[in-house]
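Engineer: Dropping a structure here in structure tokens format, bear with me for questions.
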Protein chains: 2
Amino acid sequence: MNFTKKGLLTKIVGCHRVAMVTLLGALACPPAAAQSGDPLPSWNAGKTKQSIVDFVSAVTKPGSQFVPPPERIATFDNDGTLWAEQPMYFQLAFAVDRVRALAPEHPEWRDQEPFKSVLAGDLNTALAGGVSALMRLMGATHANMTSDEFDAIVSDWLTTAKHPKTGRLYTEMAYQPMIELLAYLRANGFKTFIASGGGVDFMRGFAERVYGIPPEQVIGSTGEVKFELRDGKPVLLRLPALNYFDDKEGKPVAIYRQIGRRPIAAFGNSDGDLQMLQWTCAGPGPRYCLFVRHTDAEREFAYDRSPMGVLDVGLKDAAAKGWTVVDMKNDWNTIYLFQKE
Amino acid sequence: MNFTKKGLLTKIVGCHRVAMVTLLGALACPPAAAQSGDPLPSWNAGKTKQSIVDFVSAVTKPGSQFVPPPERIATFDNDGTLWAEQPMYFQLAFAVDRVRALAPEHPEWRDQEPFKSVLAGDLNTALAGGVSALMRLMGATHANMTSDEFDAIVSDWLTTAKHPKTGRLYTEMAYQPMIELLAYLRANGFKTFIASGGGVDFMRGFAERVYGIPPEQVIGSTGEVKFELRDGKPVLLRLPALNYFDDKEGKPVAIYRQIGRRPIAAFGNSDGDLQMLQWTCAGPGPRYCLFVRHTDAEREFAYDRSPMGVLDVGLKDAAAKGWTVVDMKNDWNTIYLFQKE
């Protein structure tokens with residue numbers, strides 16, 4: 001048996017879980033559901049779940065809708081789509097914690113915004129300065145260190161900091177139905193990417209472990225970085241300046257730059273994801289676009305318009321174009337895995 | 001048998017060609033050479049070839065040097081490393097051909113540099129204007145169109161334009177030993193990336209077909225791109241402005257931004273690749289850095305210092321740090337596949 005044969009390799013790479021089936025002589029890659037029970041157990045039966053299964057079946061079965069595995073690219077927003085984003089973006093909670101930790105070294109922050117208000121616990125006032133206040137906050141907490149130093153700080157925070165409402169690690173607040181969806185898509189030959197406004201290196205601190213998405217498939221906002229030789233040893237120094245803001249019109253542009261292919265499926269939860277969905281679903285052939293809508297005040301949060309996420313124009317586009325809108329309260333029987341404990 | 005088990009999946013993903021061996025009970029991923037004859041037939045036996053095989057064996061065998069598949073990242077420069085770069089970078093040849101094709105629509109070019117000299121066939125004078133001349137040339141030939149339009153033009157050129165010395169398609173001038181090396185690394189669980197000063201979208205026009213490297217694993221220089229709705233249909237418009245120049249210090253920075261992991265192996269041919277190699281080989285654990293040196297005037301080109309590629313400081317660093325330097329004339333028995341016809 002020759003494993004360097006391109007056709008067989010493609011099948012193995014594109015369709016891992018059916019590798020054995022392939023080896024035993026089957027030719028196609030059936031949807032995951034066909035072999036191991038329900039691959040989406042946290043999704044209630046209904047038209048939302050069915051639309052996902054129908055799309056995956058269509059693009060993986062031989063026929064007019066078939067899409068070759070290399071073109072099965074799916075992009076996901078992160079905040080509010082793969083994990084929660086209330087009462088503030090988790091990366092903002094990280095920045096706030098960092099300001100507190102660094103404050104003793106910065107006595108000048110007592111009189112400087114946005115630090116003064118952050119230290120006083122008044123985030124609204126801190127962020128009243130808009131983008132420039134946010135950038136000062138991010139610069140002071142995400143830069144002026146090497147890439148390795150930053151990774152260590154993020155890793156430490158992710159394994160210790162707790163969410164104010166649930167008391168859980170932030171990584172425990174990843175949406176179980178979306179984790180299942182990511183795995184389901186990958187089991188059917190998709191390559192899954194994050195395309196988020198969040199900082200790319202912050203997300204890489206947990207994306208592989210929590211979502212199964214390796215660092216090279218995480219696209220996000222970036223800061224300026226400088227290569228430097230320190231005592232002959234090369235380091236990458238993070239500078240306190242924004243390089244790219246991966247939101248709204250920036251998302252399809254960043255996806256084009258980094259992936260170089262138009263996704264065939266895109267998942268978001270706010271108007272910041274709208275252009276990504278528009279671009280994805282305007283391509284030829286089968287396409288799938290989905291918004292997660294936060295409708296569950298009890299188990300998660302209920303909002304369409306929050307300082308941390310607005311879904312307004314997106315809902316109208318979704319209705320007009322037939323995109324799927326997840327009603328978290330009714331479509332998901334589990335939101336966080338720990339709620340099943 | 002449960003194919004969703006993470007361990008088995010990792011083995012299948014990380015070590016495709018031995019999937020069957022794994023299924024039959026073997027536990028490790030032996031180097032490709034062990035199973036299908038010589039995976040590097042275009043490389044002459046000797047210490048260069050042996051150093052590659054030794055490195056791959058070390059990181060894939062259980063032991064102190066073992067590297068898990070997700071961390072087996074290898075980055076390759078393109079021009080002069082994966083394909084030739086003389087008498088001019090092939091992308092520059094593309095730009096020259098585009099200037100000629102577009103000249104009838106631009107009568108003003110007859111009096112404007114660098115276009116005037118390009119049209120007169122005098123590239124030296126055209127490029128005497130340095131980076132700003134080059135950027136004008138690139139802007140006029142690579143921008144002011146949608147991403148889809150550009151892809152179509154590149155595709156057309158790649159399947160028709162011929163190299164002035166060999167009379168072959170430019171894609172036929174990919175180095176056969178490097179194509180074998182890419183495949184050998186992938187067969188041993190590596191993920192192979194391009195990290196080149198070349199334009200990312202130009203390279204994506206052939207990287208998958210010629211090198212087996214998918215678009216999302218190509219890193220290169222980028223232009224500004226704008227998302228636009230045209231009659232309600234989203235397009236990505238290429239603007240005549242440089243976004244990022246992926247050369248020298250820019251290479252490790254771009255690799256960090258896009259891959260988010262430090263490679264364990266890096267391959268280049270010029271001082272423009274030096275920082276990528278420095279950063280790669282300064283990391284902990286087993287590392288491999290290699291320069292391709294152009295020493296074969298008869299079958300390829302012989303140069304260390306050319307307007308299209310200088311290997312000077314890099315040679316000194318390679319000697320000091322024990323990196324491998326390929327002597328094309330002696331280490332490669334085949335350079336281009338068509339030379340065997």
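Numbering starts fresh at 1 for the residues of each chain in the structure tokens, the chains themselves are lettered A, B, ... in the order given, and ligands are numbered from 1 as they appear.
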I want to know what sits within 12 Å of A:Val56, based on only C-alpha atoms, with residues of the same chain fewer than 4 positions away left out; could you give that as a VMD selection string?

Structural biologist: chain A and resid 29 to 34 39 49 to 52 60 to 62 65 to 67 69 72 to 74 181 to 182 184 to 190 264 to 265 286 to 288

Engineer: Dump as a list of chain:residue names the residues of chain B that approach chain A to within 6 Å, counting only C-alpha atoms.

Structural biologist: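 Residues passing the distance filter: B:Phe3, B:Arg17, B:Pro215, B:Glu216, B:Phe227, B:Pro234, B:Glu249, B:Gln258, B:Ile259, B:Gly260, B:Trp279.
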
Engineer: Pick out each residue of stretch 60-179 of chain A that DSSP on the backbone tags as strand (DSSP E); I need them as JSON, numbers by chain.

Structural biologist: {"A": [73, 74, 75, 76, 145, 146]}

Engineer: Emit the selected residues as a short mmCIF file (atom, residue, chain, number, x, y, z; two decimals), in the first residue's frame, including C-alpha atoms.

Structural biologist:
```
data_model
loop_
_atom_site.label_atom_id
_atom_site.label_comp_id
_atom_site.auth_asym_id
_atom_site.auth_seq_id
_atom_site.Cartn_x
_atom_site.Cartn_y
_atom_site.Cartn_z
CA ILE A 73 -12.28 27.05 5.06
CA ALA A 74 -14.44 28.20 7.99
CA THR A 75 -13.76 31.39 9.96
CA PHE A 76 -15.05 32.18 13.44
CA MET A 145 8.23 43.16 26.64
CA THR A 146 9.35 40.26 24.47
#
```

Engineer: Have a look at atom CA of B:Met138 and atom CA of A:Arg262 and let me know their distance in Å, one decimal.

Structural biologist: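 We find that atom CA of B:Met138 and atom CA of A:Arg262 lie 23.9 Å from each other.
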
Engineer: In terms of the shortest atom-to-atom distance over only C-alpha atoms, which of A:Pro68, A:Gly121, A:Gly268, A:Gly309 is closest to A:Phe291?

Structural biologist: A:Gly268

Engineer: Give me, as a PyMOL selection string, the residues of stretch 39-178 of chain A that a backbone DSSP run labels helix (DSSP H, G or I).

Structural biologist: chain A and resi 47-60+69-71+90-105+107-111+115-119+123-127+130-142+147-158+170-173+176-178

Engineer: Would you write out those residues with C-alpha atoms, as an mmCIF file, in the first residue's frame?

Structural biologist:
```cif
data_model
loop_
_atom_site.group_PDB
_atom_site.id
_atom_site.type_symbol
_atom_site.label_atom_id
_atom_site.label_comp_id
_atom_site.auth_asym_id
_atom_site.auth_seq_id
_atom_site.Cartn_x
_atom_site.Cartn_y
_atom_site.Cartn_z
ATOM 1 C CA LYS A 47 -33.979 24.130 11.787
ATOM 2 C CA THR A 48 -30.786 25.788 13.085
ATOM 3 C CA LYS A 49 -29.047 22.496 13.772
ATOM 4 C CA GLN A 50 -30.464 20.983 10.607
ATOM 5 C CA SER A 51 -29.096 23.834 8.494
ATOM 6 C CA ILE A 52 -25.579 23.059 9.724
ATOM 7 C CA VAL A 53 -25.855 19.344 9.059
ATOM 8 C CA ASP A 54 -27.398 19.952 5.636
ATOM 9 C CA PHE A 55 -24.590 22.297 4.629
ATOM 10 C CA VAL A 56 -21.864 19.914 5.777
ATOM 11 C CA SER A 57 -23.557 17.004 4.026
ATOM 12 C CA ALA A 58 -23.870 18.980 0.813
ATOM 13 C CA VAL A 59 -20.232 20.036 0.580
ATOM 14 C CA THR A 60 -18.786 16.653 1.569
ATOM 15 C CA PRO A 69 -11.211 19.708 1.309
ATOM 16 C CA PRO A 70 -8.559 22.407 0.729
ATOM 17 C CA GLU A 71 -11.359 24.876 0.006
ATOM 18 C CA PHE A 90 -12.179 38.964 28.520
ATOM 19 C CA GLN A 91 -9.035 40.487 27.063
ATOM 20 C CA LEU A 92 -10.117 43.809 28.563
ATOM 21 C CA ALA A 93 -10.476 42.072 31.935
ATOM 22 C CA PHE A 94 -6.913 40.846 31.414
ATOM 23 C CA ALA A 95 -5.761 44.420 30.701
ATOM 24 C CA VAL A 96 -7.540 45.708 33.823
ATOM 25 C CA ASP A 97 -5.872 43.027 35.950
ATOM 26 C CA ARG A 98 -2.518 43.920 34.421
ATOM 27 C CA VAL A 99 -2.997 47.619 35.227
ATOM 28 C CA ARG A 100 -3.654 46.660 38.842
ATOM 29 C CA ALA A 101 -0.609 44.399 38.930
ATOM 30 C CA LEU A 102 1.652 46.997 37.339
ATOM 31 C CA ALA A 103 0.325 50.029 39.271
ATOM 32 C CA PRO A 104 2.995 49.941 42.006
ATOM 33 C CA GLU A 105 5.640 50.488 39.315
ATOM 34 C CA PRO A 107 2.782 55.960 40.519
ATOM 35 C CA GLU A 108 2.030 58.420 37.700
ATOM 36 C CA TRP A 109 -1.050 56.351 36.769
ATOM 37 C CA ARG A 110 -2.850 57.698 39.863
ATOM 38 C CA ASP A 111 -3.383 60.937 37.951
ATOM 39 C CA PHE A 115 -5.339 54.250 34.329
ATOM 40 C CA LYS A 116 -6.734 56.397 37.148
ATOM 41 C CA SER A 117 -10.309 55.268 36.459
ATOM 42 C CA VAL A 118 -9.297 51.665 35.836
ATOM 43 C CA LEU A 119 -7.641 51.601 39.260
ATOM 44 C CA LEU A 123 -14.287 51.290 33.495
ATOM 45 C CA ASN A 124 -16.943 53.482 31.885
ATOM 46 C CA THR A 125 -14.968 56.614 32.640
ATOM 47 C CA ALA A 126 -11.728 54.903 31.676
ATOM 48 C CA LEU A 127 -13.104 54.038 28.239
ATOM 49 C CA GLY A 130 -12.584 56.150 23.140
ATOM 50 C CA VAL A 131 -10.098 54.362 20.934
ATOM 51 C CA SER A 132 -7.128 56.418 22.123
ATOM 52 C CA ALA A 133 -7.854 55.529 25.770
ATOM 53 C CA LEU A 134 -8.188 51.872 24.805
ATOM 54 C CA MET A 135 -4.925 51.973 22.880
ATOM 55 C CA ARG A 136 -3.091 53.525 25.850
ATOM 56 C CA LEU A 137 -4.495 50.764 28.033
ATOM 57 C CA MET A 138 -3.480 48.038 25.604
ATOM 58 C CA GLY A 139 -0.051 49.561 25.010
ATOM 59 C CA ALA A 140 0.702 49.714 28.732
ATOM 60 C CA THR A 141 -0.369 46.121 29.344
ATOM 61 C CA HIS A 142 0.409 44.236 26.128
ATOM 62 C CA SER A 147 6.939 37.862 22.821
ATOM 63 C CA ASP A 148 8.002 35.090 25.220
ATOM 64 C CA GLU A 149 7.392 37.279 28.277
ATOM 65 C CA PHE A 150 3.922 38.199 27.053
ATOM 66 C CA ASP A 151 3.025 34.565 26.393
ATOM 67 C CA ALA A 152 3.983 33.651 29.958
ATOM 68 C CA ILE A 153 1.841 36.436 31.456
ATOM 69 C CA VAL A 154 -1.198 35.438 29.385
ATOM 70 C CA SER A 155 -0.761 31.802 30.277
ATOM 71 C CA ASP A 156 -0.576 32.627 33.975
ATOM 72 C CA TRP A 157 -3.685 34.831 33.828
ATOM 73 C CA LEU A 158 -5.735 32.269 31.905
ATOM 74 C CA TYR A 170 -12.473 32.426 31.479
ATOM 75 C CA THR A 171 -11.574 29.467 29.279
ATOM 76 C CA GLU A 172 -14.426 27.531 30.885
ATOM 77 C CA MET A 173 -16.769 30.065 29.357
ATOM 78 C CA GLN A 176 -19.822 23.986 24.261
ATOM 79 C CA PRO A 177 -22.071 23.936 21.155
ATOM 80 C CA MET A 178 -19.454 25.905 19.235
#
```

Engineer: For the interface of stretch 120-180 of chain A with stretch 293-302 of chain A (cut-off 10 Å, counting only C-alpha atoms), please tabulate each contacting residue of stretch 120-180 of chain A alongside its nearest pair of atoms and their separation in Å to one decimal, rows sorted by chain and increasing number, as CSV.

Structural biologist:
```
residue,atom,partner,partner_atom,distance
A:Lys165,CA,A:Glu300,CA,9.7
A:Thr166,CA,A:Glu300,CA,9.6
A:Met173,CA,A:Glu300,CA,9.4
A:Tyr175,CA,A:Glu300,CA,9.9
```

Engineer: Atom CA of B:Asp304 and atom CA of B:Gly80 are how many Å apart?

Structural biologist: 11.1 Å
